[in-house]
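Engineer: The following file, protein05.txt, comprises compact mmCIF, C-alpha atoms:
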```
# COMPACT_ATOMS: atom_id res chain seq x y z
CA MET N 11 -105.39 -48.00 -36.51
CA LYS N 12 -105.23 -50.69 -39.17
CA LYS N 13 -101.78 -51.70 -37.96
CA LEU N 14 -103.08 -51.99 -34.44
CA ILE N 15 -105.88 -54.31 -35.58
CA VAL N 16 -103.40 -56.46 -37.48
CA PHE N 17 -101.17 -56.58 -34.42
CA ILE N 18 -104.03 -57.52 -32.12
CA SER N 19 -105.23 -60.19 -34.56
CA ALA N 20 -101.70 -61.57 -34.73
CA VAL N 21 -101.54 -61.80 -30.95
CA PHE N 22 -104.86 -63.61 -30.84
CA LEU N 23 -103.76 -65.91 -33.62
CA LEU N 24 -100.57 -66.81 -31.76
CA ALA N 25 -102.52 -67.33 -28.56
CA SER N 26 -104.97 -69.61 -30.32
CA PHE N 27 -102.18 -71.62 -31.89
CA LYS N 28 -100.59 -72.15 -28.51
CA ASN N 29 -103.90 -73.22 -27.09
CA ASP N 30 -104.57 -75.63 -29.96
CA GLY N 31 -101.14 -77.15 -29.74
CA GLY N 32 -101.21 -78.16 -26.07
CA TYR N 33 -97.82 -79.07 -24.66
CA ALA N 34 -94.51 -79.07 -26.45
CA VAL N 35 -91.55 -81.16 -25.33
CA GLY N 36 -89.92 -79.39 -22.36
CA ASP N 37 -93.18 -77.90 -21.07
CA LYS N 38 -94.44 -78.39 -17.53
CA ALA N 39 -97.43 -80.75 -17.49
CA THR N 40 -100.36 -80.36 -15.15
CA ASP N 41 -101.45 -83.00 -12.67
CA PHE N 42 -105.16 -83.89 -12.58
CA LYS N 43 -107.89 -85.43 -10.49
CA LEU N 44 -109.84 -87.85 -12.63
CA LYS N 45 -112.20 -90.72 -11.90
CA ASN N 46 -110.66 -94.17 -12.25
CA ILE N 47 -112.38 -97.41 -13.22
CA ASP N 48 -112.41 -98.33 -9.49
CA ASP N 49 -114.68 -95.26 -9.00
CA LYS N 50 -111.98 -93.53 -6.95
CA THR N 51 -110.20 -90.34 -7.94
CA PHE N 52 -106.63 -90.63 -9.21
CA SER N 53 -103.86 -88.02 -9.34
CA LEU N 54 -100.28 -88.35 -10.52
CA ALA N 55 -99.29 -86.97 -7.10
CA ASP N 56 -100.65 -90.21 -5.59
CA LYS N 57 -97.70 -92.08 -7.05
CA LYS N 58 -95.03 -90.62 -4.83
CA ASP N 59 -92.33 -93.13 -5.80
CA ALA N 60 -92.68 -92.66 -9.55
CA LYS N 61 -89.80 -91.10 -11.48
CA GLY N 62 -92.23 -90.15 -14.18
CA PHE N 63 -95.25 -91.36 -16.12
CA ILE N 64 -96.30 -92.78 -19.44
CA VAL N 65 -99.59 -90.94 -19.95
CA VAL N 66 -101.63 -92.56 -22.73
CA PHE N 67 -104.81 -90.95 -24.06
CA THR N 68 -106.79 -93.90 -25.37
CA CYS N 69 -110.30 -95.31 -25.56
CA ASN N 70 -112.32 -98.49 -26.07
CA HIS N 71 -113.82 -98.18 -29.54
CA CYS N 72 -111.04 -96.95 -31.83
CA PRO N 73 -109.41 -99.74 -33.89
CA TYR N 74 -105.98 -98.17 -33.31
CA ALA N 75 -106.52 -98.08 -29.55
CA VAL N 76 -107.64 -101.71 -29.64
CA LYS N 77 -104.54 -102.69 -31.64
CA TYR N 78 -102.35 -101.11 -28.97
CA GLU N 79 -104.09 -102.48 -25.83
CA ASP N 80 -101.70 -105.37 -25.30
CA ARG N 81 -98.72 -103.14 -26.00
CA ILE N 82 -99.91 -100.60 -23.43
CA VAL N 83 -100.26 -103.38 -20.85
CA ALA N 84 -96.74 -104.54 -21.77
CA LEU N 85 -95.38 -101.01 -21.33
CA ASN N 86 -96.78 -100.86 -17.80
CA ASN N 87 -95.51 -104.34 -16.95
CA LYS N 88 -92.03 -103.38 -18.10
CA TYR N 89 -91.74 -99.80 -16.83
CA ALA N 90 -93.94 -99.47 -13.71
CA LYS N 91 -91.35 -101.29 -11.63
CA LEU N 92 -88.62 -99.08 -13.09
CA GLY N 93 -90.49 -95.96 -11.99
CA TYR N 94 -92.49 -95.07 -15.10
CA PRO N 95 -96.02 -96.46 -14.70
CA VAL N 96 -98.67 -96.12 -17.40
CA VAL N 97 -101.63 -93.86 -16.72
CA ALA N 98 -104.38 -94.23 -19.34
CA ILE N 99 -106.96 -91.50 -19.89
CA ASN N 100 -110.09 -91.76 -22.01
CA PRO N 101 -110.97 -88.29 -23.34
CA ASN N 102 -113.85 -89.22 -25.66
CA ASP N 103 -117.40 -87.92 -25.51
CA ALA N 104 -119.21 -90.97 -24.15
CA VAL N 105 -122.60 -89.54 -25.07
CA ALA N 106 -121.82 -89.66 -28.77
CA TYR N 107 -119.76 -92.85 -28.35
CA PRO N 108 -121.39 -95.06 -25.68
CA ASP N 109 -118.68 -97.69 -26.29
CA ASP N 110 -116.38 -95.29 -24.48
CA ASN N 111 -118.45 -94.81 -21.32
CA LEU N 112 -117.24 -95.74 -17.83
CA GLU N 113 -119.12 -99.05 -17.71
CA ASN N 114 -117.53 -100.18 -20.95
CA MET N 115 -114.11 -98.94 -19.78
CA LYS N 116 -114.48 -101.20 -16.74
CA LYS N 117 -115.38 -104.17 -18.93
CA ARG N 118 -112.53 -103.49 -21.35
CA ALA N 119 -110.00 -103.10 -18.54
CA LYS N 120 -111.15 -106.34 -16.96
CA SER N 121 -111.10 -108.39 -20.16
CA LYS N 122 -107.66 -107.08 -21.14
CA SER N 123 -106.32 -107.23 -17.54
CA PHE N 124 -105.26 -103.59 -17.33
CA THR N 125 -102.71 -103.21 -14.55
CA PHE N 126 -102.81 -99.41 -14.57
CA PRO N 127 -105.33 -96.62 -13.91
CA TYR N 128 -107.81 -96.02 -16.72
CA LEU N 129 -109.31 -92.60 -16.12
CA VAL N 130 -112.26 -90.63 -17.45
CA ASP N 131 -111.53 -87.12 -18.68
CA ASP N 132 -115.15 -86.11 -18.40
CA THR N 133 -114.72 -82.41 -19.14
CA GLN N 134 -112.02 -83.10 -21.77
CA GLU N 135 -109.96 -80.37 -20.08
CA ILE N 136 -106.91 -82.56 -19.53
CA ALA N 137 -106.87 -83.73 -23.15
CA LYS N 138 -107.08 -80.08 -24.20
CA ALA N 139 -104.38 -78.97 -21.76
CA TYR N 140 -102.01 -81.70 -22.95
CA GLY N 141 -102.92 -81.28 -26.60
CA ALA N 142 -104.06 -84.85 -27.11
CA THR N 143 -105.78 -85.12 -30.48
CA LYS N 144 -105.74 -88.87 -31.11
CA THR N 145 -106.29 -92.19 -29.43
CA PRO N 146 -103.76 -93.48 -28.65
CA HIS N 147 -101.63 -90.38 -27.99
CA VAL N 148 -98.71 -90.70 -25.57
CA PHE N 149 -97.04 -88.12 -23.31
CA VAL N 150 -93.96 -89.29 -21.41
CA LEU N 151 -93.42 -87.14 -18.32
CA LYS N 152 -90.38 -86.97 -16.04
CA LYS N 153 -90.42 -85.67 -12.48
CA GLU N 154 -87.89 -82.86 -12.10
CA ASN N 155 -87.98 -81.48 -8.55
CA ALA N 156 -91.68 -80.78 -8.02
CA ASP N 157 -92.50 -80.51 -11.71
CA LEU N 158 -93.62 -82.95 -14.39
CA ILE N 159 -91.71 -82.18 -17.58
CA VAL N 160 -92.89 -83.43 -20.99
CA LYS N 161 -90.11 -85.49 -22.58
CA TYR N 162 -91.85 -87.26 -25.46
CA ILE N 163 -95.12 -86.76 -27.36
CA GLY N 164 -96.60 -89.00 -30.02
CA ALA N 165 -96.99 -92.58 -31.19
CA ILE N 166 -96.14 -95.76 -29.28
CA ASP N 167 -94.18 -97.33 -32.14
CA ASP N 168 -93.98 -97.40 -35.92
CA ASN N 169 -96.38 -100.24 -36.80
CA THR N 170 -99.94 -100.23 -35.49
CA ASP N 171 -101.18 -103.18 -37.49
CA ASP N 172 -98.49 -105.70 -36.72
CA ALA N 173 -96.70 -105.63 -33.36
CA SER N 174 -94.23 -108.24 -34.58
CA ALA N 175 -93.14 -105.99 -37.46
CA VAL N 176 -92.34 -102.95 -35.29
CA THR N 177 -88.86 -101.56 -35.96
CA VAL N 178 -88.84 -98.46 -33.73
CA LYS N 179 -90.45 -98.41 -30.28
CA TYR N 180 -90.69 -94.65 -29.77
CA VAL N 181 -92.03 -94.69 -26.21
CA GLU N 182 -89.62 -97.38 -25.00
CA GLN N 183 -86.68 -95.52 -26.53
CA ALA N 184 -87.73 -92.35 -24.73
CA VAL N 185 -88.22 -94.00 -21.33
CA ASP N 186 -85.00 -96.03 -21.68
CA ALA N 187 -83.11 -92.80 -22.34
CA LEU N 188 -84.67 -91.09 -19.30
CA LEU N 189 -83.83 -94.08 -17.08
CA ALA N 190 -80.22 -93.92 -18.31
CA ASP N 191 -80.12 -90.14 -17.73
CA LYS N 192 -79.55 -89.55 -21.42
CA PRO N 193 -81.31 -87.13 -23.75
CA VAL N 194 -84.29 -88.59 -25.63
CA ALA N 195 -83.29 -89.00 -29.30
CA ILE N 196 -86.75 -88.81 -30.90
CA THR N 197 -88.80 -86.43 -28.76
CA SER N 198 -91.92 -86.24 -30.90
CA THR N 199 -93.77 -88.14 -33.58
CA LYS N 200 -97.24 -87.76 -35.04
CA ALA N 201 -99.66 -89.88 -33.05
CA ILE N 202 -101.58 -92.04 -35.47
CA GLY N 203 -105.08 -93.10 -34.55
CA CYS N 204 -108.67 -91.94 -34.30
CA GLY N 205 -109.37 -88.30 -33.62
CA VAL N 206 -110.47 -87.50 -30.06
CA LYS N 207 -114.28 -87.31 -30.04
CA TRP N 208 -114.84 -83.79 -28.75
CA LYS N 209 -118.15 -82.79 -27.22
CA LYS N 210 -120.24 -80.65 -29.52
CA MET K 25 -115.17 -121.04 -41.65
CA ARG K 26 -113.70 -117.58 -41.73
CA THR K 27 -111.22 -118.69 -44.40
CA ILE K 28 -114.03 -120.01 -46.56
CA TYR K 29 -115.94 -116.79 -46.12
CA THR K 30 -112.86 -114.77 -47.04
CA PHE K 31 -112.30 -116.96 -50.07
CA LEU K 32 -115.90 -116.56 -51.20
CA VAL K 33 -115.76 -112.79 -50.82
CA ILE K 34 -112.55 -112.62 -52.84
CA LEU K 35 -113.94 -114.97 -55.46
CA PHE K 36 -117.16 -113.02 -55.73
CA VAL K 37 -115.41 -109.69 -55.94
CA SER K 38 -112.84 -110.90 -58.45
CA LEU K 39 -115.56 -112.31 -60.68
CA PHE K 40 -117.59 -109.15 -60.82
CA SER K 41 -115.24 -106.32 -59.91
CA GLU K 42 -113.87 -105.79 -63.39
CA HIS K 43 -117.14 -104.55 -64.74
CA THR K 44 -119.13 -103.47 -61.77
CA TYR K 45 -116.84 -102.08 -59.13
CA ALA K 46 -113.74 -100.04 -58.67
CA GLN K 47 -110.39 -101.73 -58.86
CA ILE K 48 -108.51 -102.25 -55.64
CA GLU K 49 -104.78 -102.30 -55.93
CA THR K 50 -102.03 -101.70 -53.45
CA ILE K 51 -100.07 -98.51 -54.01
CA THR K 52 -96.81 -97.27 -52.52
CA LEU K 53 -96.19 -93.61 -51.72
CA GLU K 54 -93.75 -93.42 -54.64
CA GLN K 55 -96.36 -94.80 -57.04
CA LEU K 56 -98.95 -92.35 -55.74
CA GLN K 57 -96.54 -89.46 -56.17
CA ALA K 58 -95.62 -90.67 -59.66
CA LYS K 59 -99.26 -90.26 -60.64
CA THR K 60 -100.09 -87.05 -58.83
CA ILE K 61 -96.94 -84.96 -58.97
CA GLN K 62 -95.91 -85.78 -62.52
CA PRO K 63 -94.88 -82.30 -63.74
CA GLY K 64 -96.99 -80.78 -66.49
CA ASN K 65 -99.68 -83.49 -66.59
CA ASP K 66 -103.07 -82.21 -67.74
CA THR K 67 -105.19 -83.67 -64.93
CA LEU K 68 -106.58 -82.47 -61.62
CA TYR K 69 -105.92 -85.35 -59.23
CA ILE K 70 -108.08 -85.45 -56.12
CA VAL K 71 -106.66 -87.74 -53.47
CA ASN K 72 -108.87 -88.65 -50.52
CA PHE K 73 -107.46 -90.57 -47.55
CA TRP K 74 -110.10 -92.68 -45.79
CA ALA K 75 -110.80 -95.90 -43.88
CA THR K 76 -113.86 -98.11 -43.44
CA TRP K 77 -113.80 -97.58 -39.64
CA CYS K 78 -113.79 -93.78 -39.96
CA GLY K 79 -117.36 -92.45 -39.77
CA PRO K 80 -116.84 -89.01 -41.35
CA CYS K 81 -114.78 -90.62 -44.14
CA VAL K 82 -117.52 -93.07 -45.01
CA ALA K 83 -120.10 -90.26 -44.86
CA GLU K 84 -118.27 -88.16 -47.46
CA LEU K 85 -117.49 -90.97 -49.93
CA PRO K 86 -120.76 -90.36 -51.85
CA TYR K 87 -119.66 -86.76 -52.47
CA PHE K 88 -116.56 -88.02 -54.25
CA GLU K 89 -118.65 -90.48 -56.24
CA GLN K 90 -121.00 -87.67 -57.27
CA ALA K 91 -118.10 -85.38 -58.17
CA ALA K 92 -116.68 -88.08 -60.43
CA LYS K 93 -120.03 -88.34 -62.24
CA ASP K 94 -120.35 -84.57 -62.54
CA ASN K 95 -116.87 -84.35 -64.03
CA ALA K 96 -116.99 -87.37 -66.32
CA GLY K 97 -115.09 -86.72 -69.53
CA LYS K 98 -113.12 -83.88 -67.94
CA ASN K 99 -109.53 -84.05 -66.74
CA VAL K 100 -110.49 -84.80 -63.16
CA LYS K 101 -109.34 -88.03 -61.53
CA ILE K 102 -110.34 -89.08 -58.04
CA LEU K 103 -108.21 -91.56 -56.10
CA LEU K 104 -109.59 -93.00 -52.87
CA ILE K 105 -106.59 -94.02 -50.80
CA ASN K 106 -107.60 -96.50 -48.12
CA LEU K 107 -105.81 -96.55 -44.76
CA ASP K 108 -107.39 -99.61 -43.16
CA PHE K 109 -104.85 -101.97 -41.64
CA PRO K 110 -103.11 -104.10 -44.29
CA SER K 111 -104.38 -107.18 -42.43
CA GLU K 112 -107.95 -106.10 -43.15
CA LYS K 113 -107.82 -105.95 -46.94
CA THR K 114 -110.78 -108.36 -47.26
CA LYS K 115 -112.96 -105.99 -45.29
CA VAL K 116 -112.09 -103.14 -47.65
CA ILE K 117 -112.79 -105.23 -50.74
CA ALA K 118 -116.20 -106.22 -49.35
CA PHE K 119 -116.96 -102.62 -48.40
CA VAL K 120 -116.09 -101.26 -51.85
CA ALA K 121 -118.18 -103.97 -53.50
CA LYS K 122 -121.17 -103.31 -51.26
CA ARG K 123 -121.03 -99.57 -51.82
CA LYS K 124 -120.37 -100.06 -55.55
CA LEU K 125 -117.68 -97.39 -55.47
CA GLN K 126 -116.78 -96.27 -58.97
CA ASN K 127 -113.72 -94.19 -58.15
CA ASP K 128 -110.42 -96.06 -58.06
CA VAL K 129 -109.65 -97.35 -54.59
CA TYR K 130 -106.07 -98.09 -53.58
CA LEU K 131 -104.73 -99.65 -50.43
CA LEU K 132 -101.77 -97.59 -49.30
CA ASN K 133 -98.68 -99.59 -48.50
CA ALA K 134 -96.30 -96.99 -47.13
CA GLY K 135 -95.16 -98.28 -43.72
CA ASP K 136 -94.59 -95.95 -40.76
CA PRO K 137 -97.01 -93.00 -41.07
CA ASN K 138 -94.38 -90.82 -39.43
CA LYS K 139 -92.24 -91.33 -42.53
CA TRP K 140 -94.87 -90.43 -45.17
CA ILE K 141 -97.51 -88.10 -43.69
CA ASP K 142 -95.20 -85.10 -43.88
CA GLN K 143 -94.51 -85.89 -47.52
CA ILE K 144 -98.20 -85.43 -48.32
CA ASP K 145 -98.45 -82.24 -46.26
CA SER K 146 -96.34 -81.13 -43.30
CA SER K 147 -99.36 -79.50 -41.64
CA TRP K 148 -101.24 -82.81 -41.63
CA ASP K 149 -101.72 -84.17 -38.12
CA GLY K 150 -102.50 -87.60 -39.57
CA ALA K 151 -106.25 -87.49 -38.92
CA ILE K 152 -108.62 -88.69 -41.62
CA PRO K 153 -110.46 -87.89 -43.74
CA ALA K 154 -107.92 -85.71 -45.52
CA THR K 155 -108.07 -84.52 -49.11
CA VAL K 156 -105.36 -83.21 -51.42
CA PHE K 157 -105.67 -81.70 -54.91
CA TYR K 158 -102.80 -81.82 -57.40
CA LYS K 159 -103.20 -79.65 -60.49
CA ALA K 160 -100.80 -80.36 -63.34
CA GLY K 161 -98.40 -81.97 -60.88
CA LYS K 162 -98.56 -79.27 -58.19
CA LYS K 163 -100.35 -79.44 -54.85
CA VAL K 164 -103.02 -76.72 -54.87
CA PHE K 165 -105.27 -77.73 -51.97
CA PHE K 166 -105.00 -79.63 -48.70
CA HIS K 167 -107.79 -80.18 -46.20
CA GLU K 168 -107.74 -82.24 -42.99
CA GLY K 169 -111.30 -83.17 -42.02
CA ASP K 170 -114.45 -83.84 -43.97
CA LEU K 171 -115.84 -81.78 -46.84
CA THR K 172 -119.44 -81.09 -47.82
CA GLN K 173 -120.55 -81.77 -51.38
CA ALA K 174 -120.68 -77.99 -51.93
CA GLU K 175 -117.14 -77.46 -50.61
CA LEU K 176 -115.80 -80.28 -52.76
CA ASN K 177 -117.57 -79.02 -55.90
CA GLU K 178 -116.47 -75.46 -55.27
CA ASN K 179 -112.82 -76.47 -55.02
CA ILE K 180 -113.00 -78.73 -58.06
CA ASN K 181 -114.49 -75.86 -60.10
CA LEU K 182 -111.82 -73.53 -58.78
CA HIS K 183 -108.95 -75.80 -59.73
CA LYS K 184 -109.98 -77.89 -62.69
CA LEU K 185 -108.07 -77.41 -65.92
```
Take the structure in the file and give it back as structure tokens.

Structural biologist:
Amino acid sequence: MKKLIVFISAVFLLASFKNDGGYAVGDKATDFKLKNIDDKTFSLADKKDAKGFIVVFTCNHCPYAVKYEDRIVALNNKYAKLGYPVVAINPNDAVAYPDDNLENMKKRAKSKSFTFPYLVDDTQEIAKAYGATKTPHVFVLKKENADLIVKYIGAIDDNTDDASAVTVKYVEQAVDALLADKPVAITSTKAIGCGVKWKK
Amino acid sequence: MRTIYTFLVILFVSLFSEHTYAQIETITLEQLQAKTIQPGNDTLYIVNFWATWCGPCVAELPYFEQAAKDNAGKNVKILLINLDFPSEKTKVIAFVAKRKLQNDVYLLNAGDPNKWIDQIDSSWDGAIPATVFYKAGKKVFFHEGDLTQAELNENINLHKL
């Protein structure tokens, strides 16, 4: 009986770990229907011509997210035309953090000239499914047949504070490899930033 | 104007910091490890990673200040390791002065977090606050997230030499 309990606990423990962890590299990622800053609903399936996506969980208020805004815009400017557009998702609880509500997302996107969707993950279900824990937290996805396969998870580069002092551009390296049909060398890093503000 | 303000803050802090406030030095990972993981040392080092922009970090700083008072004269040393951006050092200096922090505050200069976070603890996701205890040179406690005063005290009492 005791053994059985231990076994059952172990199964639950494993299940909970998997749930906490979200996606690993190689997993199939889910599409979503989320509200964009133009008040319309956006899905990855809408972008039929894309070869993949640079999905960035980010927000307005976090100093790390702010530091990376221009670099996220630059990623989209460079890679959208090559088939890997940026899709930004704000997962934060806007009740606790009004800076992160839809109105302020619209303002932020306008002032920083976002050229990509900036979506609201109202229920936080997509952040949980992906395993996003930080802002910014990047998931590079590649279309393989009808599926979206996770190819890179983590940080944008290795220097948040000073863009001019970056030595390794993790996301660019991953997307460049995918575009060249080569394996991604660094498939995951720890995303550094503010914790996602979960609803309580 | 901003430069003048910065200068005044630095001047003010440098005039009074020696007696009134904690010191603020830059520390590398190697220097931090040299203090904390020195084998056989007789001190419980409590290392707290924090930043001025991190709400829960700022909220728990008083607990570390209280713990330092409670353990004065004992072999307990608290190091507050700041993770604000290096370009915002002035902000940290002003913050420490305003809060009159008595524990030693260091600005971590360690480069790419993906190169050093695992060296503190491989289970660390990189979120702050995070707190590590080193007893006589060995890591005995790691916690990602904030601590209550009671939790902090309990763990200090459990581990102190």

Engineer: Could you check which residues have any atom within 8 Å of (-104.7, -82.7, -60.3), counting all atoms listed in the file with coordinates taken straight from the file, and then list them as a ChimeraX atom specification?

Structural biologist: /K:60,66-70,100-101,157-163,184

Engineer: Provide the atom CA of Cys69 of chain N to atom CA of Asp110 of chain N distance in Å, to one decimal place.

Structural biologist: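 Calculated distance between atom CA of Cys69 of chain N and atom CA of Asp110 of chain N is 6.2 Å.
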
Engineer: For Cys204 of chain N, which of N:Lys50, N:Lys116, N:Lys61, N:Lys144 is the closest residue, counting only C-alpha atoms?

Structural biologist: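 For Cys204 of chain N, the nearest of the candidates is N:Lys144.
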
Engineer: Given only C-alpha atoms as the basis, pick out the residue of K:Gln143, K:Asn72, K:Ser111, K:Gln57 nearest to chain N.

Structural biologist: K:Ser111

Engineer: In Å, how far is it from atom CA of Asp49 of chain N to atom CA of Ala98 of chain N?

Structural biologist: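 Computing it gives 14.6 Å between the two atoms.
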
Engineer: At what distance in Å, to one decimal, does atom CA of Phe88 of chain K lie from atom CA of Pro146 of chain N?

Structural biologist: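 Value for the atom CA of Pro146 of chain N-atom CA of Phe88 of chain K distance: 29.1 Å.
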
Engineer: I'd like the contact shell of segment 123-129 of chain N - 10 Å cut-off, all atoms listed in the file, skipping same-chain residues fewer than 4 positions apart - returned as a PyMOL selection string.

Structural biologist: chain N and resi 43-53+66-69+79-80+82-84+86-87+90+95-101+112+115-119

Engineer: Taking all atoms listed in the file into account, what are the residues of chain K at most 12 Å from chain N, put as a PyMOL selection string?

Structural biologist: chain K and resi 74-81+107-113+133-142+146-153+168-169

Engineer: Write a file of the selected residues as a PDB file, in the frame of the given file, keeping C-alpha atoms.

Structural biologist:
```pdb
ATOM      1  CA  TRP K  74    -110.100 -92.680 -45.790  1.00  0.00           C
ATOM      2  CA  ALA K  75    -110.800 -95.900 -43.880  1.00  0.00           C
ATOM      3  CA  THR K  76    -113.860 -98.110 -43.440  1.00  0.00           C
ATOM      4  CA  TRP K  77    -113.800 -97.580 -39.640  1.00  0.00           C
ATOM      5  CA  CYS K  78    -113.790 -93.780 -39.960  1.00  0.00           C
ATOM      6  CA  GLY K  79    -117.360 -92.450 -39.770  1.00  0.00           C
ATOM      7  CA  PRO K  80    -116.840 -89.010 -41.350  1.00  0.00           C
ATOM      8  CA  CYS K  81    -114.780 -90.620 -44.140  1.00  0.00           C
ATOM      9  CA  LEU K 107    -105.810 -96.550 -44.760  1.00  0.00           C
ATOM     10  CA  ASP K 108    -107.390 -99.610 -43.160  1.00  0.00           C
ATOM     11  CA  PHE K 109    -104.850-101.970 -41.640  1.00  0.00           C
ATOM     12  CA  PRO K 110    -103.110-104.100 -44.290  1.00  0.00           C
ATOM     13  CA  SER K 111    -104.380-107.180 -42.430  1.00  0.00           C
ATOM     14  CA  GLU K 112    -107.950-106.100 -43.150  1.00  0.00           C
ATOM     15  CA  LYS K 113    -107.820-105.950 -46.940  1.00  0.00           C
ATOM     16  CA  ASN K 133     -98.680 -99.590 -48.500  1.00  0.00           C
ATOM     17  CA  ALA K 134     -96.300 -96.990 -47.130  1.00  0.00           C
ATOM     18  CA  GLY K 135     -95.160 -98.280 -43.720  1.00  0.00           C
ATOM     19  CA  ASP K 136     -94.590 -95.950 -40.760  1.00  0.00           C
ATOM     20  CA  PRO K 137     -97.010 -93.000 -41.070  1.00  0.00           C
ATOM     21  CA  ASN K 138     -94.380 -90.820 -39.430  1.00  0.00           C
ATOM     22  CA  LYS K 139     -92.240 -91.330 -42.530  1.00  0.00           C
ATOM     23  CA  TRP K 140     -94.870 -90.430 -45.170  1.00  0.00           C
ATOM     24  CA  ILE K 141     -97.510 -88.100 -43.690  1.00  0.00           C
ATOM     25  CA  ASP K 142     -95.200 -85.100 -43.880  1.00  0.00           C
ATOM     26  CA  SER K 146     -96.340 -81.130 -43.300  1.00  0.00           C
ATOM     27  CA  SER K 147     -99.360 -79.500 -41.640  1.00  0.00           C
ATOM     28  CA  TRP K 148    -101.240 -82.810 -41.630  1.00  0.00           C
ATOM     29  CA  ASP K 149    -101.720 -84.170 -38.120  1.00  0.00           C
ATOM     30  CA  GLY K 150    -102.500 -87.600 -39.570  1.00  0.00           C
ATOM     31  CA  ALA K 151    -106.250 -87.490 -38.920  1.00  0.00           C
ATOM     32  CA  ILE K 152    -108.620 -88.690 -41.620  1.00  0.00           C
ATOM     33  CA  PRO K 153    -110.460 -87.890 -43.740  1.00  0.00           C
ATOM     34  CA  GLU K 168    -107.740 -82.240 -42.990  1.00  0.00           C
ATOM     35  CA  GLY K 169    -111.300 -83.170 -42.020  1.00  0.00           C
TER      36      GLY K 169
END
```
